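Shown below: query.cif, with mmCIF, C-alpha atoms.
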data_structure
#
loop_
_atom_site.label_atom_id
_atom_site.label_comp_id
_atom_site.auth_asym_id
_atom_site.auth_seq_id
_atom_site.Cartn_x
_atom_site.Cartn_y
_atom_site.Cartn_z
CA GLN H 6 52.47 109.28 26.38
CA LEU H 7 51.32 106.88 23.67
CA LEU H 8 50.88 107.97 20.06
CA PHE H 9 49.24 105.44 17.74
CA ARG H 10 49.48 105.40 13.95
CA PHE H 11 46.36 104.17 12.14
CA LYS H 12 45.98 102.90 8.58
CA TYR H 13 42.88 102.39 6.43
CA ARG H 14 43.16 98.61 6.41
CA LYS H 15 42.32 95.67 8.61
CA TRP H 16 44.31 95.32 11.83
CA GLU H 17 45.50 91.84 10.82
CA GLU H 18 47.13 93.32 7.72
CA MET H 19 49.08 96.01 9.56
CA ALA H 20 52.85 95.84 9.91
CA PRO H 21 54.18 94.87 13.37
CA ILE H 22 53.93 97.70 15.91
CA VAL H 23 57.17 99.65 16.40
CA THR H 24 57.72 101.19 19.85
CA GLN H 25 60.12 104.03 20.59
CA PHE H 26 61.35 104.49 24.16
CA HIS H 27 62.64 108.06 24.45
CA ASN H 28 63.82 110.59 27.03
CA CYS H 29 66.22 108.08 28.56
CA SER H 30 69.83 106.98 28.88
CA ILE H 31 70.60 103.49 27.59
CA ILE H 32 73.47 101.10 28.28
CA TYR H 33 74.88 100.45 24.84
CA LYS H 34 78.23 98.89 23.94
CA GLY H 35 79.73 99.48 27.37
CA GLN H 36 78.60 103.08 27.76
CA LEU H 37 75.67 105.00 29.20
CA VAL H 38 74.42 107.22 26.39
CA LYS H 39 71.49 109.54 25.77
CA ASP H 40 69.54 107.77 23.06
CA ASP H 41 66.24 106.13 22.19
CA LEU H 42 65.45 102.42 22.17
CA TRP H 43 63.31 101.03 19.32
CA VAL H 44 61.49 97.70 19.55
CA GLU H 45 59.60 95.65 16.98
CA ASN H 46 58.21 92.12 17.38
CA GLY H 47 59.93 91.74 20.75
CA VAL H 48 63.36 92.56 19.29
CA ILE H 49 65.52 95.68 19.55
CA VAL H 50 65.86 97.29 16.11
CA ASP H 51 68.00 99.93 14.40
CA PRO H 52 66.00 103.20 14.18
CA GLN H 53 68.01 104.28 11.14
CA VAL H 54 66.22 101.61 9.13
CA TYR H 55 62.88 103.24 9.88
CA PHE H 56 64.07 106.80 9.35
CA PHE H 57 65.89 106.39 6.05
CA GLU H 58 64.83 103.08 4.48
CA LYS H 59 61.22 102.51 5.55
CA LYS H 60 60.52 106.22 6.16
CA ARG H 61 58.23 105.14 8.94
CA PRO H 62 57.73 106.76 12.37
CA ALA H 63 57.17 104.77 15.53
CA ASP H 64 53.64 103.53 16.18
CA VAL H 65 54.01 103.98 19.93
CA LYS H 66 56.18 106.40 21.89
CA VAL H 67 56.97 105.75 25.55
CA ASP H 68 58.37 108.62 27.62
CA CYS H 69 60.92 107.15 30.05
CA ASN H 70 61.07 110.36 32.10
CA GLY H 71 64.87 110.45 32.22
CA LEU H 72 65.31 106.91 33.55
CA ILE H 73 68.12 104.48 32.70
CA VAL H 74 67.29 101.67 30.26
CA ALA H 75 69.43 98.60 31.01
CA PRO H 76 69.48 94.96 29.90
CA GLY H 77 67.31 92.68 32.03
CA LEU H 78 69.17 90.99 34.88
CA ILE H 79 70.15 87.30 34.61
CA ASP H 80 70.55 85.32 37.83
CA LEU H 81 72.50 82.09 37.29
CA GLN H 82 72.26 80.86 40.88
CA ILE H 83 68.94 81.12 42.66
CA ASN H 84 67.65 78.25 44.79
CA GLY H 85 64.14 79.61 45.18
CA GLY H 86 62.19 82.43 46.77
CA PHE H 87 58.74 83.54 47.87
CA GLY H 88 58.41 80.36 49.94
CA VAL H 89 59.40 78.04 47.08
CA ASP H 90 62.46 75.74 47.18
CA PHE H 91 63.53 74.34 43.81
CA SER H 92 65.29 71.42 45.54
CA THR H 93 62.05 70.14 47.03
CA SER H 94 59.54 68.03 45.15
CA SER H 95 55.96 69.13 45.74
CA ALA H 96 52.49 68.43 44.41
CA ASP H 97 52.47 71.82 42.71
CA GLN H 98 55.87 72.14 41.05
CA ALA H 99 54.44 74.23 38.21
CA GLY H 100 52.71 76.60 40.63
CA GLY H 101 55.87 77.12 42.66
CA LEU H 102 57.95 77.86 39.58
CA ALA H 103 55.31 80.30 38.35
CA LEU H 104 55.30 82.11 41.70
CA VAL H 105 59.08 82.63 41.70
CA SER H 106 59.20 83.59 38.01
CA LYS H 107 56.50 86.21 38.53
CA GLY H 108 58.05 87.60 41.71
CA LEU H 109 61.49 88.02 40.15
CA LEU H 110 60.13 90.59 37.71
CA SER H 111 59.97 93.14 40.53
CA HIS H 112 63.72 92.63 41.10
CA GLY H 113 64.54 93.38 37.46
CA VAL H 114 65.25 89.73 36.66
CA THR H 115 64.18 88.72 33.16
CA SER H 116 66.02 85.36 32.98
CA PHE H 117 67.32 82.88 35.55
CA CYS H 118 68.65 79.39 36.20
CA ALA H 119 66.74 77.44 38.84
CA THR H 120 69.40 76.02 41.18
CA LEU H 121 69.31 72.72 43.07
CA ILE H 122 71.68 72.02 45.95
CA SER H 123 73.08 68.52 46.57
CA SER H 124 70.11 66.16 46.65
CA LEU H 125 69.31 62.46 46.52
CA PRO H 126 68.94 60.81 43.08
CA GLU H 127 65.17 60.44 43.45
CA VAL H 128 64.82 64.20 44.01
CA TYR H 129 66.62 65.03 40.76
CA LYS H 130 64.48 62.57 38.86
CA GLN H 131 61.30 64.07 40.31
CA VAL H 132 62.22 67.75 40.01
CA LEU H 133 64.32 68.12 36.84
CA PRO H 134 61.53 67.24 34.36
CA PHE H 135 59.45 70.16 35.69
CA LEU H 136 62.21 72.72 35.18
CA LYS H 137 62.12 72.89 31.39
CA PRO H 138 63.34 76.12 29.79
CA ARG H 139 60.46 78.43 28.98
CA ARG H 140 60.09 81.89 27.50
CA GLY H 141 59.44 84.84 29.76
CA GLY H 142 56.52 87.24 29.60
CA VAL H 143 53.85 88.81 31.75
CA HIS H 144 53.63 85.43 33.54
CA GLY H 145 57.24 85.73 34.76
CA ALA H 146 60.97 85.73 34.03
CA GLU H 147 62.41 83.32 31.48
CA LEU H 148 63.73 80.01 32.80
CA LEU H 149 67.02 79.31 31.03
CA GLY H 150 67.46 75.87 32.55
CA VAL H 151 68.84 74.34 35.73
CA HIS H 152 72.03 74.92 37.69
CA LEU H 153 72.96 71.70 39.54
CA GLU H 154 75.14 72.74 42.46
CA GLY H 155 76.41 69.33 43.56
CA PRO H 156 76.26 66.61 44.71
CA PHE H 157 79.76 65.92 43.28
CA ILE H 158 81.54 68.24 45.69
CA SER H 159 83.98 68.17 48.60
CA VAL H 160 82.59 66.99 51.94
CA GLU H 161 84.99 69.35 53.69
CA LYS H 162 83.75 72.36 51.71
CA ARG H 163 80.10 71.30 51.51
CA GLY H 164 78.84 74.44 53.24
CA ALA H 165 75.11 73.93 53.87
CA HIS H 166 74.86 70.87 51.61
CA PRO H 167 73.77 67.69 53.44
CA THR H 168 76.70 65.30 53.91
CA ARG H 169 74.56 62.24 53.17
CA ASN H 170 73.77 63.56 49.67
CA ILE H 171 77.36 64.10 48.49
CA ARG H 172 78.72 61.74 45.82
CA ASN H 173 81.96 60.85 43.99
CA PHE H 174 82.74 59.97 40.37
CA ASP H 175 83.90 56.42 41.16
CA ALA H 176 82.66 55.23 37.75
CA GLY H 177 83.19 58.56 35.99
CA PHE H 178 80.43 60.08 33.86
CA LYS H 179 78.19 57.05 34.44
CA ASP H 180 77.83 58.06 38.08
CA LEU H 181 76.72 61.53 37.09
CA LEU H 182 74.01 60.23 34.76
CA SER H 183 72.94 57.69 37.37
CA VAL H 184 72.38 60.43 39.95
CA TYR H 185 70.79 63.09 37.72
CA GLY H 186 68.88 60.74 35.45
CA SER H 187 69.00 63.19 32.56
CA LEU H 188 70.82 66.34 31.47
CA GLU H 189 67.96 67.50 29.25
CA ASN H 190 67.14 70.70 31.17
CA VAL H 191 70.57 71.23 32.73
CA ARG H 192 72.50 74.44 31.92
CA ILE H 193 75.23 74.52 34.61
CA VAL H 194 76.85 71.88 36.84
CA THR H 195 78.99 72.81 39.85
CA LEU H 196 81.55 70.17 40.87
CA ALA H 197 84.82 69.85 42.77
CA PRO H 198 87.78 69.41 40.36
CA GLU H 199 89.86 67.37 42.82
CA LEU H 200 87.47 64.42 42.62
CA LYS H 201 88.64 61.31 40.77
CA HIS H 202 87.69 61.39 37.05
CA ALA H 203 86.60 65.06 37.40
CA ASN H 204 88.49 66.26 34.30
CA LYS H 205 86.95 63.54 32.12
CA VAL H 206 83.50 64.43 33.46
CA ILE H 207 84.14 68.13 32.81
CA ALA H 208 85.19 67.40 29.23
CA GLU H 209 82.08 65.27 28.59
CA LEU H 210 79.71 67.84 30.10
CA THR H 211 81.29 70.60 28.02
CA LYS H 212 80.98 68.42 24.91
CA ARG H 213 77.24 68.13 25.63
CA GLY H 214 76.82 71.89 25.91
CA VAL H 215 76.65 72.09 29.70
CA THR H 216 78.57 74.92 31.40
CA VAL H 217 80.85 73.53 34.11
CA SER H 218 81.58 75.51 37.26
CA VAL H 219 84.17 74.63 39.88
CA GLY H 220 83.15 75.08 43.50
CA HIS H 221 82.64 73.60 46.96
CA SER H 222 86.21 72.42 46.66
CA THR H 223 89.52 71.99 48.47
CA CYS H 224 91.52 72.10 45.23
CA GLY H 225 94.67 74.11 44.69
CA LEU H 226 95.37 76.35 41.71
CA GLU H 227 96.99 73.60 39.64
CA GLN H 228 93.89 71.39 39.87
CA ALA H 229 91.65 74.37 39.13
CA GLU H 230 93.71 75.24 36.06
CA SER H 231 93.52 71.63 34.89
CA ALA H 232 89.73 71.80 35.19
CA VAL H 233 89.66 74.96 33.07
CA LYS H 234 91.81 73.30 30.42
CA SER H 235 89.27 70.43 30.40
CA GLY H 236 86.45 72.90 29.74
CA ALA H 237 85.34 74.47 33.04
CA SER H 238 84.53 78.16 32.61
CA PHE H 239 82.92 79.34 35.86
CA ILE H 240 83.67 79.54 39.59
CA THR H 241 80.76 79.09 41.99
CA HIS H 242 80.35 81.91 44.57
CA LEU H 243 83.95 83.11 44.80
CA PHE H 244 85.50 83.16 48.31
CA ASN H 245 82.80 80.85 49.71
CA SER H 246 83.22 77.07 50.19
CA MET H 247 86.78 77.01 48.83
CA GLN H 248 90.35 77.21 50.07
CA PRO H 249 91.27 80.74 51.18
CA PHE H 250 93.86 82.64 49.17
CA HIS H 251 97.46 81.76 50.06
CA HIS H 252 100.50 83.36 48.47
CA ARG H 253 102.11 79.97 47.70
CA ASP H 254 98.94 78.35 46.40
CA PRO H 255 96.10 80.80 45.76
CA GLY H 256 93.63 77.98 45.08
CA MET H 257 90.62 78.61 42.86
CA ILE H 258 90.82 82.32 43.62
CA GLY H 259 94.07 82.32 41.64
CA LEU H 260 92.11 81.59 38.46
CA LEU H 261 91.21 85.30 38.35
CA THR H 262 94.77 86.14 37.30
CA SER H 263 95.92 82.77 35.95
CA ASP H 264 97.64 82.58 32.55
CA ALA H 265 96.60 78.94 32.09
CA PRO H 266 93.24 79.41 30.29
CA PRO H 267 93.60 78.96 26.51
CA ALA H 268 93.77 82.11 24.39
CA GLY H 269 90.36 83.67 23.85
CA ARG H 270 88.83 81.88 26.85
CA THR H 271 87.43 83.86 29.79
CA VAL H 272 87.05 82.31 33.21
CA TYR H 273 83.97 83.79 34.87
CA TYR H 274 83.22 83.77 38.58
CA GLY H 275 80.07 84.21 40.62
CA LEU H 276 79.98 86.79 43.39
CA ILE H 277 77.29 87.17 46.05
CA ALA H 278 77.26 90.91 46.79
CA ASP H 279 74.66 90.78 49.55
CA GLY H 280 76.81 92.29 52.30
CA ILE H 281 76.93 88.90 54.08
CA HIS H 282 78.89 86.44 51.90
CA ALA H 283 81.82 88.71 51.03
CA HIS H 284 83.25 91.84 52.65
CA PRO H 285 83.23 94.99 50.48
CA ALA H 286 87.04 94.85 50.44
CA ALA H 287 86.86 91.34 48.95
CA LEU H 288 84.45 92.60 46.30
CA ARG H 289 86.95 95.33 45.42
CA VAL H 290 89.81 92.83 45.20
CA ALA H 291 87.87 90.57 42.83
CA HIS H 292 86.67 93.44 40.66
CA SER H 293 90.15 94.94 40.41
CA ALA H 294 91.74 91.57 39.55
CA HIS H 295 89.31 90.40 36.87
CA PRO H 296 86.40 92.77 36.09
CA LYS H 297 85.49 91.14 32.76
CA GLY H 298 84.80 87.78 34.38
CA LEU H 299 82.65 89.03 37.25
CA VAL H 300 79.11 87.61 37.39
CA LEU H 301 76.79 88.78 40.15
CA ILE H 302 74.46 86.14 41.61
CA THR H 303 72.06 86.04 44.56
CA ASP H 304 72.29 82.41 45.75
CA ALA H 305 68.84 83.19 47.14
CA MET H 306 66.77 80.51 48.85
CA ALA H 307 63.08 80.01 49.65
CA ALA H 308 62.92 82.77 52.27
CA GLN H 309 63.78 85.51 49.78
CA SER H 310 61.08 88.23 50.00
CA LEU H 311 59.63 86.63 53.16
CA PRO H 312 59.90 87.79 56.81
CA PRO H 313 62.54 86.49 59.24
CA GLY H 314 61.90 83.05 60.75
CA GLU H 315 62.57 79.34 60.33
CA TYR H 316 62.52 77.77 56.85
CA MET H 317 63.57 74.67 54.94
CA PHE H 318 66.48 74.68 52.46
CA GLY H 319 66.36 71.34 50.66
CA ASP H 320 65.90 69.00 53.61
CA LEU H 321 67.75 71.26 56.05
CA HIS H 322 66.29 73.60 58.70
CA VAL H 323 67.59 77.17 58.45
CA ASP H 324 67.14 80.40 60.39
CA VAL H 325 66.70 83.79 58.74
CA HIS H 326 67.60 86.79 60.86
CA ASP H 327 69.12 90.21 60.12
CA HIS H 328 69.09 89.42 56.38
CA LYS H 329 71.32 86.39 57.03
CA VAL H 330 70.52 82.70 56.44
CA THR H 331 72.24 80.09 58.63
CA LEU H 332 71.76 76.41 59.39
CA ALA H 333 69.50 76.08 62.42
CA GLY H 334 71.52 76.45 65.62
CA LYS H 335 74.77 77.10 63.73
CA GLU H 336 76.64 79.96 62.07
CA THR H 337 77.09 78.17 58.72
CA ILE H 338 75.73 80.43 55.96
CA ALA H 339 73.05 78.71 53.88
CA GLY H 340 72.31 80.85 50.86
CA SER H 341 70.92 84.36 50.94
CA VAL H 342 67.65 86.28 50.99
CA ALA H 343 69.01 89.16 48.93
CA THR H 344 67.19 90.39 45.85
CA PHE H 345 69.21 90.81 42.67
CA ASP H 346 68.67 94.55 42.39
CA HIS H 347 69.97 94.91 45.98
CA CYS H 348 73.13 92.98 45.01
CA VAL H 349 73.71 95.28 42.04
CA ARG H 350 73.37 98.38 44.22
CA PHE H 351 75.56 96.98 47.01
CA PHE H 352 78.26 95.94 44.55
CA GLN H 353 78.27 99.33 42.82
CA LYS H 354 78.49 101.18 46.12
CA SER H 355 81.16 98.87 47.55
CA THR H 356 83.48 99.00 44.55
CA ASP H 357 82.64 102.50 43.30
CA CYS H 358 82.52 101.01 39.82
CA SER H 359 80.44 102.62 37.10
CA ILE H 360 76.73 101.99 36.71
CA VAL H 361 77.49 100.25 33.43
CA GLU H 362 80.00 97.86 35.06
CA ALA H 363 77.55 96.94 37.82
CA ILE H 364 74.69 96.28 35.40
CA GLU H 365 76.82 94.33 32.93
CA ALA H 366 78.05 92.07 35.75
CA ALA H 367 74.41 91.09 36.30
CA SER H 368 73.34 90.86 32.67
CA THR H 369 75.97 90.91 29.92
CA HIS H 370 78.55 88.72 31.68
CA PRO H 371 76.18 85.88 32.64
CA ALA H 372 74.83 85.91 29.08
CA ARG H 373 78.37 85.62 27.70
CA LEU H 374 79.15 82.76 30.06
CA LEU H 375 76.17 80.78 28.72
CA GLY H 376 76.87 81.79 25.12
CA ILE H 377 73.50 83.58 24.73
CA ASP H 378 74.85 87.12 24.50
CA LYS H 379 73.61 87.57 20.92
CA HIS H 380 70.08 87.71 22.32
CA LYS H 381 70.31 88.28 26.09
CA GLY H 382 72.14 90.67 28.39
CA THR H 383 72.49 93.37 25.75
CA LEU H 384 70.60 96.18 24.05
CA ASP H 385 72.32 95.63 20.70
CA TYR H 386 70.19 95.57 17.54
CA GLY H 387 68.70 92.14 16.97
CA SER H 388 68.69 91.13 20.64
CA ASP H 389 65.62 90.23 22.67
CA ALA H 390 63.90 93.32 24.06
CA ASP H 391 64.32 92.21 27.68
CA PHE H 392 65.18 95.34 29.63
CA ILE H 393 64.51 97.31 32.79
CA LEU H 394 64.05 100.97 33.66
CA LEU H 395 66.09 102.18 36.64
CA ASN H 396 66.35 105.45 38.50
CA ASN H 397 69.73 106.99 39.37
CA GLU H 398 69.83 104.96 42.59
CA LEU H 399 69.55 101.77 40.51
CA ARG H 400 66.10 100.95 41.83
CA VAL H 401 63.88 99.09 39.37
CA GLN H 402 60.93 101.13 38.12
CA SER H 403 59.64 98.78 35.43
CA THR H 404 60.52 95.51 33.69
CA TYR H 405 59.99 94.58 30.04
CA ILE H 406 60.23 91.19 28.35
CA ALA H 407 60.10 90.99 24.53
CA GLY H 408 59.19 94.67 24.57
CA GLU H 409 56.12 94.09 26.73
CA LEU H 410 55.65 95.81 30.09
CA VAL H 411 55.49 92.93 32.61
CA TRP H 412 55.97 94.81 35.89
CA GLN H 413 56.07 98.37 37.15
CA ILE H 414 56.45 99.98 40.52
CA GLU H 415 53.34 101.20 42.24
CA PRO H 416 53.08 105.00 42.06
CA GLU H 417 53.52 106.70 45.39
CA GLU H 418 50.39 108.07 47.00
CA PRO H 419 50.43 111.87 46.97
CA ILE H 420 50.68 113.42 50.43
CA PRO H 421 47.38 115.16 51.11
CA LYS H 422 47.66 118.88 51.69
CA LYS H 423 46.51 120.25 54.99
CA ILE H 424 43.58 122.59 54.66
CA LYS H 425 43.88 125.73 56.70
CA LYS H 426 40.80 126.49 58.74
#
For this file, write the structure as structure tokens.
Amino acid sequence: QLLFRFKYRKWEEMAPIVTQFHNCSIIYKGQLVKDDLWVENGVIVDPQVYFFEKKRPADVKVDCNGLIVAPGLIDLQINGGFGVDFSTSSADQAGGLALVSKGLLSHGVTSFCATLISSLPEVYKQVLPFLKPRRGGVHGAELLGVHLEGPFISVEKRGAHPTRNIRNFDAGFKDLLSVYGSLENVRIVTLAPELKHANKVIAELTKRGVTVSVGHSTCGLEQAESAVKSGASFITHLFNSMQPFHHRDPGMIGLLTSDAPPAGRTVYYGLIADGIHAHPAALRVAHSAHPKGLVLITDAMAAQSLPPGEYMFGDLHVDVHDHKVTLAGKETIAGSVATFDHCVRFFQKSTDCSIVEAIEAASTHPARLLGIDKHKGTLDYGSDADFILLNNELRVQSTYIAGELVWQIEPEEPIPKKIKK
């Protein structure tokens, strides 16, 4: 139901429209509470200001019909979807990005980092300029920047990354710039901390405002801790493409309970809760060990939201079957086809954590990792009005960006009644 307030003056002179979302439960400061959400100029505002100071009612009231209002989801590792591969240069880069951005709205994603797997230098120089950060809206989810997953990784733990594309830091940071060409649109870089000059590279990337993630690595805990001390703050897809946990050297997994990170620093870790990459028991172990650092990701590739079949992932052939992506003719996992809302539901069910914990792992935590939590991943006053409406099964019913409805589920067709003769 929409109620509009009219004034006897020109529309251009009217104050910004204030919208009140009511009859809902909202995720606010770590709790699910019965309350209303007020939005003005694309920003979440304090209703007390309008009640007591401005003495002004809402211009528009939206009945949420008892749904949950949650921060919009933020996917920090998505390689593509809807037939589009971010690691492939094409004649219509802008069109491909637009297709993915638009499609993600139906998954509850309001912001994301386009992710490129290990590629040749010419690919980075062709693709990176097209992946400039852009605001979200009815056209699609907001692009926060690029996550460069490689090519400075371990050959042994390359996973589905092409061996011929993998590089070392023989000349330190110069090698990185030579391969990427520019860091202008780069938000996250995944690298292996055991590589020569890795700590110096990590320190320089951090100095330039780039989030460094450790992954695709054979390193032990000591090397991982050294990387964190140099500035690394994230672990790429925990449990995958790394040394398995061992009681004498727990490897990167040990960072979840390490006492090495400086005071006040949180080490975050990505987790693919698609039911393929990590067993539910592993999800429970990670959540129990370090819940505040958990960041859900999809690691989705071009076949996300497409039927089973053969596809390209970078310059590799992959097979998609039974919701699983593998290198053609092999059992090596090559990304996922899971949607982000599915990952949230699977994680919540597997760990029996609260709804709030599951949602914050896909919104609040990734925003904190990138240092954008004043505006994203939260419903606090003053933050961007990027949010989703969910039912009790955590299925997305509608998506809002800057307070604007940008996607909603199609209403079910009523079942026709049989007419008795």
Residue among H:Asp304, H:Pro156, H:Thr262, H:Gln353 lying closest to Asn397 (chain H), counting all atoms listed in the file
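When distances to Asn397 (chain H) are compared using all atoms listed in the file, the smallest one comes from H:Gln353.
Proximity ranking of H:Glu230, H:Ala286, H:Glu415, H:Ala339 relative to Ser403 (chain H) places H:Glu415 first, based on all atoms listed in the file.
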Distance query region 73-76 of chain H at most 6 Å, only C-alpha atoms, self and fewer than 2 positions along chain excluded, as a list in words
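My list of contacting residues is Cys29, Ser30, Ile31, Ile32, Gly382, Thr383, Phe392, Ile393, Leu394 and Leu395 of chain H.
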With distances taken over all atoms listed in the file, which of H:Ala287, H:Val160, H:Val191, H:Ala237 is nearest to Ile207 (chain H)?
H:Ala237
Hey, what's within 7 Å of Ile79 (chain H) if we count all atoms listed in the file and toss same-chain stuff fewer than 4 positions away? As a PyMOL selection string, please?
chain H and resi 114-117+367-368+371
Do you know which residues are at most 12 Å from Pro312 (chain H) counting all atoms listed in the file, after dropping those on the same chain fewer than 6 positions away, and could you put them as a PyMOL selection string?
chain H and resi 86-88+324-330+342
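What the PyMOL selection byres ((chain H and resi 46-52) around 8) grabs from this file is Pro21, Ile22, Val23, Leu42, Trp43, Val44, Glu45, Gln53, Val54, Tyr55, Phe56, Leu384, Asp385, Tyr386, Gly387, Ser388, Asp389, Ala390, Ile406, Ala407, Gly408 and Glu409 of chain H.
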Residue subset to file, keeping C-alpha atoms, as a PDB file, in the coordinates of the input:
ATOM      1  CA  PRO H  21      54.180  94.870  13.370  1.00  0.00           C
ATOM      2  CA  ILE H  22      53.930  97.700  15.910  1.00  0.00           C
ATOM      3  CA  VAL H  23      57.170  99.650  16.400  1.00  0.00           C
ATOM      4  CA  LEU H  42      65.450 102.420  22.170  1.00  0.00           C
ATOM      5  CA  TRP H  43      63.310 101.030  19.320  1.00  0.00           C
ATOM      6  CA  VAL H  44      61.490  97.700  19.550  1.00  0.00           C
ATOM      7  CA  GLU H  45      59.600  95.650  16.980  1.00  0.00           C
ATOM      8  CA  GLN H  53      68.010 104.280  11.140  1.00  0.00           C
ATOM      9  CA  VAL H  54      66.220 101.610   9.130  1.00  0.00           C
ATOM     10  CA  TYR H  55      62.880 103.240   9.880  1.00  0.00           C
ATOM     11  CA  PHE H  56      64.070 106.800   9.350  1.00  0.00           C
ATOM     12  CA  LEU H 384      70.600  96.180  24.050  1.00  0.00           C
ATOM     13  CA  ASP H 385      72.320  95.630  20.700  1.00  0.00           C
ATOM     14  CA  TYR H 386      70.190  95.570  17.540  1.00  0.00           C
ATOM     15  CA  GLY H 387      68.700  92.140  16.970  1.00  0.00           C
ATOM     16  CA  SER H 388      68.690  91.130  20.640  1.00  0.00           C
ATOM     17  CA  ASP H 389      65.620  90.230  22.670  1.00  0.00           C
ATOM     18  CA  ALA H 390      63.900  93.320  24.060  1.00  0.00           C
ATOM     19  CA  ILE H 406      60.230  91.190  28.350  1.00  0.00           C
ATOM     20  CA  ALA H 407      60.100  90.990  24.530  1.00  0.00           C
ATOM     21  CA  GLY H 408      59.190  94.670  24.570  1.00  0.00           C
ATOM     22  CA  GLU H 409      56.120  94.090  26.730  1.00  0.00           C
TER      23      GLU H 409
END
Output check: residues returned by the PyMOL selection byres ((chain H and resi 359) around 12), as a list in words
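Selection result, ordered by chain and number: Ile32, Gly35, Gln36, Leu37, His292, Pro296, Val349, Arg350, Phe352, Gln353, Lys354, Ser355, Thr356, Asp357, Cys358, Ile360, Val361, Glu362, Ala363, Ile364, Glu365, Ala366, Asn397 and Leu399 of chain H.
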If the PyMOL selection byres ((chain H and resi 200) around 8) were run on this exact file, what residues would it hold? Put them as a PyMOL selection string.
chain H and resi 157-159+173-174+197-199+201-203
Mind writing the picked residues with C-alpha atoms as a PDB file, keeping the file's coordinate frame?
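Output below, filename again-v7.pdb:
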ATOM      1  CA  PHE H 157      79.760  65.920  43.280  1.00  0.00           C
ATOM      2  CA  ILE H 158      81.540  68.240  45.690  1.00  0.00           C
ATOM      3  CA  SER H 159      83.980  68.170  48.600  1.00  0.00           C
ATOM      4  CA  ASN H 173      81.960  60.850  43.990  1.00  0.00           C
ATOM      5  CA  PHE H 174      82.740  59.970  40.370  1.00  0.00           C
ATOM      6  CA  ALA H 197      84.820  69.850  42.770  1.00  0.00           C
ATOM      7  CA  PRO H 198      87.780  69.410  40.360  1.00  0.00           C
ATOM      8  CA  GLU H 199      89.860  67.370  42.820  1.00  0.00           C
ATOM      9  CA  LYS H 201      88.640  61.310  40.770  1.00  0.00           C
ATOM     10  CA  HIS H 202      87.690  61.390  37.050  1.00  0.00           C
ATOM     11  CA  ALA H 203      86.600  65.060  37.400  1.00  0.00           C
TER      12      ALA H 203
END
I'd like the contact shell of Ala333 (chain H) - 8 Å cut-off, all atoms listed in the file, skipping same-chain residues fewer than 3 positions apart - returned as JSON, numbers by chain.
{"H": [315, 322, 323, 324]}
What residues have an atom no more than 6 Å from (88.0, 76.3, 37.8) in the file's own frame, counting all atoms listed in the file, and can you write them as a VMD selection string?
chain H and resid 219 229 232 to 233 237 240
Which is closer to Tyr274 (chain H) than all the others in H:Gly236, H:Ser222, H:Leu81, H:Ala146, using only C-alpha atoms?
H:Leu81
For the atom pair CA of Asp68 (chain H) and CA of Gln413 (chain H), what is the interatomic distance in Å to one decimal place?
14.2 Å
Quick check, in Å to one decimal: how far apart do CA of Gln82 (chain H) and CA of Pro267 (chain H) lie?
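Result for CA of Gln82 (chain H) versus CA of Pro267 (chain H): 25.8 Å, one decimal.
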Just give me the gap between CA of Leu299 (chain H) and CA of Tyr273 (chain H) in Å, one decimal is fine.
5.9 Å
Shell around Thr271 (chain H) at 9 Å using only C-alpha atoms, local window under 6 positions removed, as a ChimeraX atom specification
/H:238-239,297-298,374
Looking at all atoms listed in the file, which of H:Gly145, H:Pro416, H:Pro167, H:Pro134 is the one that sits closest to Gly186 (chain H)?
H:Pro134
Let me make sure I understand: among H:Leu148, H:Leu125, H:Ala291, H:Ile281, which one has the smallest atom-to-atom distance to Leu243 (chain H) if we use only C-alpha atoms?
H:Ala291
